[in-house]
Amino acid sequence: MSTVIQLEDVHKTYRTGEVDVHAVRGVSLEVNRGEFVAILGASGSGKSTLMNILGCLDRPTRGRYRLDGTDVSQLDRDARADIRNQKIGFVFQGFNLLARTSALENVELPMLYAHNHRDAGSIRDRALRALETVGLGNRAAHHPSQLSGGQQQRVAIARSLVNQPALLLADEPTGNLDSHSSVELMGVFQQLNEQGITIVMVTHELDIAAYTKRNVVMRDGQIIRDAAVERRLIAKEELVRLQHEQHSVLEVGAASPPRPGESNRGGDAAPTSGPADQGDAV
Amino acid sequence: MRLLATIKIALRALRRNKLRSVLTTLGIIIGVAAVIAMVGIGNGAKAQVDAQIASLGQNVILVFSGSTTRSGIRTGWGSAGTLTIEDADAITREVPGVVAVSPEVRGVRQVAAGNQNWYTQVLGESPAYFDIRQWPLAEGAPFTDQDVRSATKVCVIGATTARQLFGADSALGQIIRIQNVPFVVVGVLTPKGYSVMGQDQDDVIILPYTSAMKRVTGQTTLRGINIQAANAAALPIAEQQITDLLRQRHRLGPGREDDFTVHNQQEIAEMATATAKVMSVLLGAIASVSLIVGGIGIMNIMLVSVTERTREIGIRLAVGAHGRDILLQFLIEAITLSSVGGLIGIGVGVGASQALAVWKEWPTLISLSSVVVAFLFSAAVGVFFGFYPARQASRLDPIEALRYE
């Protein structure tokens, strides 16, 4: 099986004023094609910094990073932009879609910056197909403000996949979603992973990490645990269970007056650890 | 191909912020329109002055006789009677560049026709005068050289004089009495309007100079001589030759002052056009200021836009845009705003000056060069004021930009 990510003793040091901050200190990691990895860690554990390095948004201070067989650790700004465009798909916590821009145009974006430029027609076709993959073929003309959080995140996934990257990087993808949408999203990820797409996801939610195949735990800039997930959750099954739970809650609550805004959003039957820690996402 | 995509992206971004785009463009529209209209007004004024100058005649040299001093009172140009008909004849004969000569005498008299009377300027001229001043007749014909030789009692009158003395009736063939001498009206001049100095040029009666001297003013000398040179190039040479000839004829030795003065119409024209030019430049400068203000408006909006769209820039950088792509995108946005504003501004400016011409009867003249310059300048404003914000945008760090709230 070929290796997608190969980190060798990667360090990252920030200099803030007088003090050097060692955000990542000696991380070595290999991720093979077809893996689904969660990088876990508390705020300040260095997982976001590692994520930025993996995403070629930042360069390691020391160490080597091979992505899909190419050494990308010392590339310049523009070369890294090209790597991001061709090899990496990003999914962010805050969705990061262009406002007042249709879902279709959002998905087209990475293709506009691609080197092997396609004509407008094929760009459109590919974007539409990517939207269909995530089940939003009928929402192509909608703007982000007209879509739910889960739908917005799926548009972002369509955008990340449109250039057929070697790696899909997700930074706290469920951080802004309610529990139901989170499970749905993990379902989309599991489905994509089954089709052979390599996914690396940063999260601090253990139960979300349980949907992946492998968990890497970080603390103080180092990996302290790296193990396969033993009791893996399957999103499809979880959704059925959630639906059942919600159903019974509604049955019981029928006597009491209905609460406003009661739908598939809201915090009912929330097994997650509450709202995402915004500061941790950075 | 990538450039094409960037242009498309920039246009999309502008379309997403329609109101803001329109308001930003408004600054440039007003600036360009102001430049076009102001320069149009300035040029119109200049053209009007030019037309008035031209109405004096083309390539004209005016010679006035000197002033006299009697009992210490100096009397002004033309009063001394140093010029004679013989001087005028000599100029005709001896100065090569001269094509027409008209000796001039002048007086102001109370004139009468029927039961009407009027106080007006009486000029004595030769028939060449109408050519020199490029002053065609509306009715009748000018008097002839024969009339000059025999001092006939005929006259040609200006439009104002005709209206004052004869009202709506035809003046041709009517009798005007000047100092009780009856003159027959043989021609009526086309209206010439007011002179640069604000004088009604049509308030005039023109007689053969011989008739004027013998029958009206009683003078034996000339007040001045109107001379026309063949072309502008011949003007200074002819002027010099006329001066030399007259000094010689008046026996003025070296060191003695001229007893006459020579003016060339070019000098008068230059002075008047210089004034009009100053006005043009002034108006243009004021308008340019508003164009620059419009440019600063673009820069302001672009800077705000960069800050506001930091996250968008971060997204673009994250999915593979180079710094150059971002720079180009914002630059294209700025240039599009300014040049679209420029185009609309040209339309508004032309329209406004056209409206002014009709409504206020102020002549305006839109020159193609001012339109082209205004447009290019507005595009340049876009580049100049768009570059700084665009560079700021292109230098953003994707991580920082994505984190920006």
# chains A, B, ... in the order shown; residues from 1 in each chain; ligands from 1

call {"tool": "select_by_dssp", "arguments": {"residues": "region 151-220 of chain A", "states": "helix (DSSP H, G or I)", "output": "VMD selection string"}}
result
chain A and resid 151 to 161 179 to 194 206 to 209

call {"tool": "interface_residues", "arguments": {"of": "chain B", "to": "chain A", "cutoff": "12 Å", "atoms": "only C-alpha atoms", "output": "number ranges by chain"}}
result
B: 1-9, 12-18, 308-326, 329, 394-405

call {"tool": "closest_residue", "arguments": {"among": "A:Ala130, A:Ala158, A:Leu136, A:Ile197", "to": "Asn32 (chain A)", "atoms": "only C-alpha atoms"}}
result
A:Ile197

call {"tool": "select_by_dssp", "arguments": {"residues": "region 106-310 of chain B", "states": "strand (DSSP E or B)", "output": "PyMOL selection string"}}
result
chain B and resi 106-113+116-125+137-140+154-157+175-178+181-189+194+200+204-208+222+224-229+260-264

call {"tool": "decode", "arguments": {"residues": "region 11-26 of chain B", "atoms": "N, CA and C atoms", "output": "compact mmCIF listing (two decimals), in the first residue's frame"}}
result
# COMPACT_ATOMS: atom_id res chain seq x y z
N LEU B 11 -14.93 39.93 -11.67
CA LEU B 11 -16.25 40.45 -12.05
C LEU B 11 -17.34 39.86 -11.16
N ARG B 12 -17.19 38.58 -10.84
CA ARG B 12 -18.15 37.95 -9.92
C ARG B 12 -18.16 38.67 -8.59
N ALA B 13 -16.95 38.99 -8.10
CA ALA B 13 -16.84 39.65 -6.79
C ALA B 13 -17.54 41.00 -6.83
N LEU B 14 -17.39 41.72 -7.95
CA LEU B 14 -18.03 43.03 -8.06
C LEU B 14 -19.55 42.87 -8.09
N ARG B 15 -19.99 41.82 -8.80
CA ARG B 15 -21.43 41.61 -8.92
C ARG B 15 -22.03 41.25 -7.56
N ARG B 16 -21.23 40.58 -6.73
CA ARG B 16 -21.74 40.20 -5.42
C ARG B 16 -21.99 41.42 -4.54
N ASN B 17 -21.27 42.52 -4.79
CA ASN B 17 -21.44 43.73 -3.99
C ASN B 17 -21.92 44.86 -4.87
N LYS B 18 -23.10 44.69 -5.42
CA LYS B 18 -23.58 45.63 -6.45
C LYS B 18 -23.63 47.05 -5.93
N LEU B 19 -24.28 47.24 -4.79
CA LEU B 19 -24.49 48.60 -4.31
C LEU B 19 -23.16 49.29 -4.06
N ARG B 20 -22.25 48.54 -3.41
CA ARG B 20 -20.97 49.14 -3.10
C ARG B 20 -20.21 49.47 -4.38
N SER B 21 -20.28 48.56 -5.34
CA SER B 21 -19.60 48.81 -6.61
C SER B 21 -20.13 50.07 -7.27
N VAL B 22 -21.45 50.20 -7.26
CA VAL B 22 -22.07 51.36 -7.90
C VAL B 22 -21.65 52.65 -7.19
N LEU B 23 -21.67 52.62 -5.86
CA LEU B 23 -21.32 53.83 -5.11
C LEU B 23 -19.87 54.21 -5.33
N THR B 24 -19.00 53.20 -5.38
CA THR B 24 -17.59 53.49 -5.62
C THR B 24 -17.41 54.11 -6.99
N THR B 25 -18.10 53.51 -7.96
CA THR B 25 -18.00 54.01 -9.32
C THR B 25 -18.47 55.44 -9.42
N LEU B 26 -19.45 55.78 -8.56
CA LEU B 26 -20.04 57.11 -8.61
C LEU B 26 -18.97 58.21 -8.47
